[in-house]
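J.: Hey, dropping upload-v2.cif in here, mmCIF, C-alpha atoms, pLDDT in the B column; chains and numbers go by the auth columns:
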```
data_start
#
loop_
_atom_site.group_PDB
_atom_site.id
_atom_site.type_symbol
_atom_site.label_atom_id
_atom_site.label_comp_id
_atom_site.label_asym_id
_atom_site.label_seq_id
_atom_site.Cartn_x
_atom_site.Cartn_y
_atom_site.Cartn_z
_atom_site.B_iso_or_equiv
_atom_site.auth_seq_id
_atom_site.auth_asym_id
ATOM 1 C CA MET A 1 0.000 0.000 0.000 75.00 1 A
ATOM 2 C CA SER A 2 1.200 3.473 -0.742 95.00 2 A
ATOM 3 C CA ILE A 3 -0.643 4.914 2.250 98.00 3 A
ATOM 4 C CA GLU A 4 0.530 3.797 5.664 98.00 4 A
ATOM 5 C CA PHE A 5 -2.355 4.179 8.092 98.00 5 A
ATOM 6 C CA LYS A 6 -1.506 4.768 11.737 97.00 6 A
ATOM 7 C CA LYS A 7 -3.928 5.580 14.559 94.00 7 A
ATOM 8 C CA LYS A 8 -3.638 9.371 14.241 97.00 8 A
ATOM 9 C CA LYS A 9 -1.841 9.930 10.925 98.00 9 A
ATOM 10 C CA ALA A 10 -1.852 8.617 7.366 98.00 10 A
ATOM 11 C CA PHE A 11 1.492 8.711 5.552 99.00 11 A
ATOM 12 C CA PHE A 12 1.328 8.951 1.754 99.00 12 A
ATOM 13 C CA LYS A 13 4.303 7.225 0.077 98.00 13 A
ATOM 14 C CA GLU A 14 5.392 7.911 -3.502 97.00 14 A
ATOM 15 C CA VAL A 15 2.654 7.077 -6.046 97.00 15 A
ATOM 16 C CA VAL A 16 -0.821 6.881 -4.464 98.00 16 A
ATOM 17 C CA GLY A 17 -3.156 5.237 -6.967 97.00 17 A
ATOM 18 C CA VAL A 18 -6.897 4.950 -7.405 98.00 18 A
ATOM 19 C CA GLU A 19 -7.022 1.684 -5.430 97.00 19 A
ATOM 20 C CA GLU A 20 -6.229 3.625 -2.233 98.00 20 A
ATOM 21 C CA ALA A 21 -9.276 5.939 -2.348 98.00 21 A
ATOM 22 C CA GLU A 22 -11.765 3.649 -0.609 98.00 22 A
ATOM 23 C CA SER A 23 -9.419 2.786 2.267 98.00 23 A
ATOM 24 C CA LEU A 24 -8.505 6.474 2.616 99.00 24 A
ATOM 25 C CA LEU A 25 -12.172 7.431 2.898 99.00 25 A
ATOM 26 C CA GLN A 26 -12.763 4.695 5.477 98.00 26 A
ATOM 27 C CA TRP A 27 -9.720 5.740 7.537 99.00 27 A
ATOM 28 C CA ILE A 28 -10.788 9.413 7.544 98.00 28 A
ATOM 29 C CA SER A 29 -14.333 8.398 8.539 98.00 29 A
ATOM 30 C CA ASP A 30 -12.972 6.267 11.389 98.00 30 A
ATOM 31 C CA ASN A 31 -10.403 8.919 12.439 97.00 31 A
ATOM 32 C CA PRO A 32 -12.027 12.340 11.913 95.00 32 A
ATOM 33 C CA SER A 33 -9.242 14.125 13.800 97.00 33 A
ATOM 34 C CA GLY A 34 -6.533 12.183 11.941 98.00 34 A
ATOM 35 C CA LYS A 35 -3.813 14.022 10.055 98.00 35 A
ATOM 36 C CA ILE A 36 -2.456 13.527 6.555 99.00 36 A
ATOM 37 C CA ASP A 37 1.289 13.515 5.836 99.00 37 A
ATOM 38 C CA LEU A 38 1.983 14.037 2.126 99.00 38 A
ATOM 39 C CA ASN A 39 5.728 14.633 2.536 98.00 39 A
ATOM 40 C CA SER A 40 6.837 11.535 0.576 98.00 40 A
ATOM 41 C CA CYS A 41 4.024 11.628 -1.992 98.00 41 A
ATOM 42 C CA THR A 42 5.189 12.037 -5.608 98.00 42 A
ATOM 43 C CA HIS A 43 1.862 11.426 -7.396 97.00 43 A
ATOM 44 C CA LEU A 44 -1.740 11.467 -6.173 98.00 44 A
ATOM 45 C CA HIS A 45 -4.582 9.984 -8.213 98.00 45 A
ATOM 46 C CA SER A 46 -7.527 12.363 -8.536 97.00 46 A
ATOM 47 C CA ALA A 47 -9.827 9.895 -6.710 98.00 47 A
ATOM 48 C CA ASN A 48 -7.746 10.418 -3.573 98.00 48 A
ATOM 49 C CA LEU A 49 -7.777 14.163 -4.128 98.00 49 A
ATOM 50 C CA GLN A 50 -11.581 14.024 -4.257 98.00 50 A
ATOM 51 C CA VAL A 51 -11.630 12.226 -0.894 98.00 51 A
ATOM 52 C CA LEU A 52 -9.352 14.888 0.613 98.00 52 A
ATOM 53 C CA VAL A 53 -11.426 17.740 -0.842 97.00 53 A
ATOM 54 C CA ALA A 54 -14.695 16.233 0.425 97.00 54 A
ATOM 55 C CA CYS A 55 -13.486 15.270 3.902 97.00 55 A
ATOM 56 C CA LYS A 56 -11.151 18.224 4.581 96.00 56 A
ATOM 57 C CA PRO A 57 -8.665 16.450 6.888 97.00 57 A
ATOM 58 C CA PHE A 58 -5.781 18.389 8.439 97.00 58 A
ATOM 59 C CA ILE A 59 -2.668 18.237 6.234 98.00 59 A
ATOM 60 C CA SER A 60 0.329 18.021 8.568 98.00 60 A
ATOM 61 C CA ALA A 61 2.994 17.889 5.830 98.00 61 A
ATOM 62 C CA TRP A 62 2.906 18.857 2.159 98.00 62 A
ATOM 63 C CA PRO A 63 4.778 17.046 -0.654 98.00 63 A
ATOM 64 C CA GLN A 64 8.448 17.829 -1.216 98.00 64 A
ATOM 65 C CA ASP A 65 7.798 18.040 -4.970 96.00 65 A
ATOM 66 C CA ALA A 66 7.100 21.736 -5.617 97.00 66 A
ATOM 67 C CA SER A 67 4.640 21.324 -8.503 96.00 67 A
ATOM 68 C CA LEU A 68 2.620 18.664 -6.672 97.00 68 A
ATOM 69 C CA ARG A 69 2.602 20.812 -3.554 97.00 69 A
ATOM 70 C CA VAL A 70 1.253 23.850 -5.438 96.00 70 A
ATOM 71 C CA TRP A 71 -1.433 21.733 -7.121 95.00 71 A
ATOM 72 C CA LEU A 72 -2.556 20.226 -3.815 97.00 72 A
ATOM 73 C CA GLU A 73 -2.418 23.466 -1.848 97.00 73 A
ATOM 74 C CA ASN A 74 -4.549 25.173 -4.490 95.00 74 A
ATOM 75 C CA SER A 75 -7.058 22.334 -4.297 95.00 75 A
ATOM 76 C CA LEU A 76 -7.159 21.812 -0.530 95.00 76 A
ATOM 77 C CA ILE A 77 -6.606 25.162 1.169 91.00 77 A
ATOM 78 C CA ASN A 78 -9.763 27.232 1.565 72.00 78 A
ATOM 79 C CA LYS A 79 -9.265 30.774 0.378 51.00 79 A
#
```
In structure tokens, what does this structure look like?
T.:
Amino acid sequence: MSIEFKKKKAFFKEVVGVEEAESLLQWISDNPSGKIDLNSCTHLHSANLQVLVACKPFISAWPQDASLRVWLENSLINK
């Protein structure tokens, strides 16, 4: 799995594909105060982005990749 789910934080690792979206939604539903760490994420399938947009979890770390970070910040930060 490219998302490592812990009790209070989900760590996104490298390429996070469409197959992760359902488990991500379930984890966020089960852990509403859980945090998302995108630091090691290099690619995020849009299905996972839709889960993050809909559920609005706290992002504790943004991706190191600058272009991915800008794309995600523009999608996830309320302005």
J.: I'd like the interatomic distance between CA of Asn31 in chain A and CA of Lys8 in chain A, to a tenth of an Å.
T.: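 The value is 7.0 Å.
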J.: For this structure, which residues satisfy the selection - the PyMOL selection byres ((chain A and resi 18) around 7) - when it is evaluated on the file as given? I want them as a PyMOL selection string.
T.: chain A and resi 17+19-21+45+47-48
J.: When you count all atoms listed in the file, which of these residues is closest to Cys41 in chain A: A:Glu73, A:Glu4, A:Glu22, A:Glu14?
T.: A:Glu14
J.: Find the residue from A:Val15, A:Pro32, A:Cys55, A:Leu25 that sits nearest to Leu68 in chain A; use all atoms listed in the file when measuring.
T.: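 Smallest separation from Leu68 in chain A among the options: A:Val15.
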J.: From the set A:Leu24, A:Ile3, A:Leu52, A:Val16, which residue has the shortest atom-to-atom contact distance to Leu72 in chain A, counting all atoms listed in the file?
T.: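 With all atoms listed in the file as the atom set, the closest residue is A:Leu52.
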J.: Could you tell me how far CA of Ser2 in chain A lies from CA of Ser75 in chain A, in Å and to one decimal?
T.: 20.9 Å
J.: Interatomic distance between CA of Gln26 in chain A and CA of Ala66 in chain A?
T.: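 For CA of Gln26 in chain A relative to CA of Ala66 in chain A, the distance reads 28.4 Å.
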J.: When distances are computed from all atoms listed in the file, which of A:Trp71, A:Phe58, A:Phe12, A:Phe5 shows the smallest separation from Ser33 in chain A?
T.: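 Among the listed residues, A:Phe58 lies closest to Ser33 in chain A.
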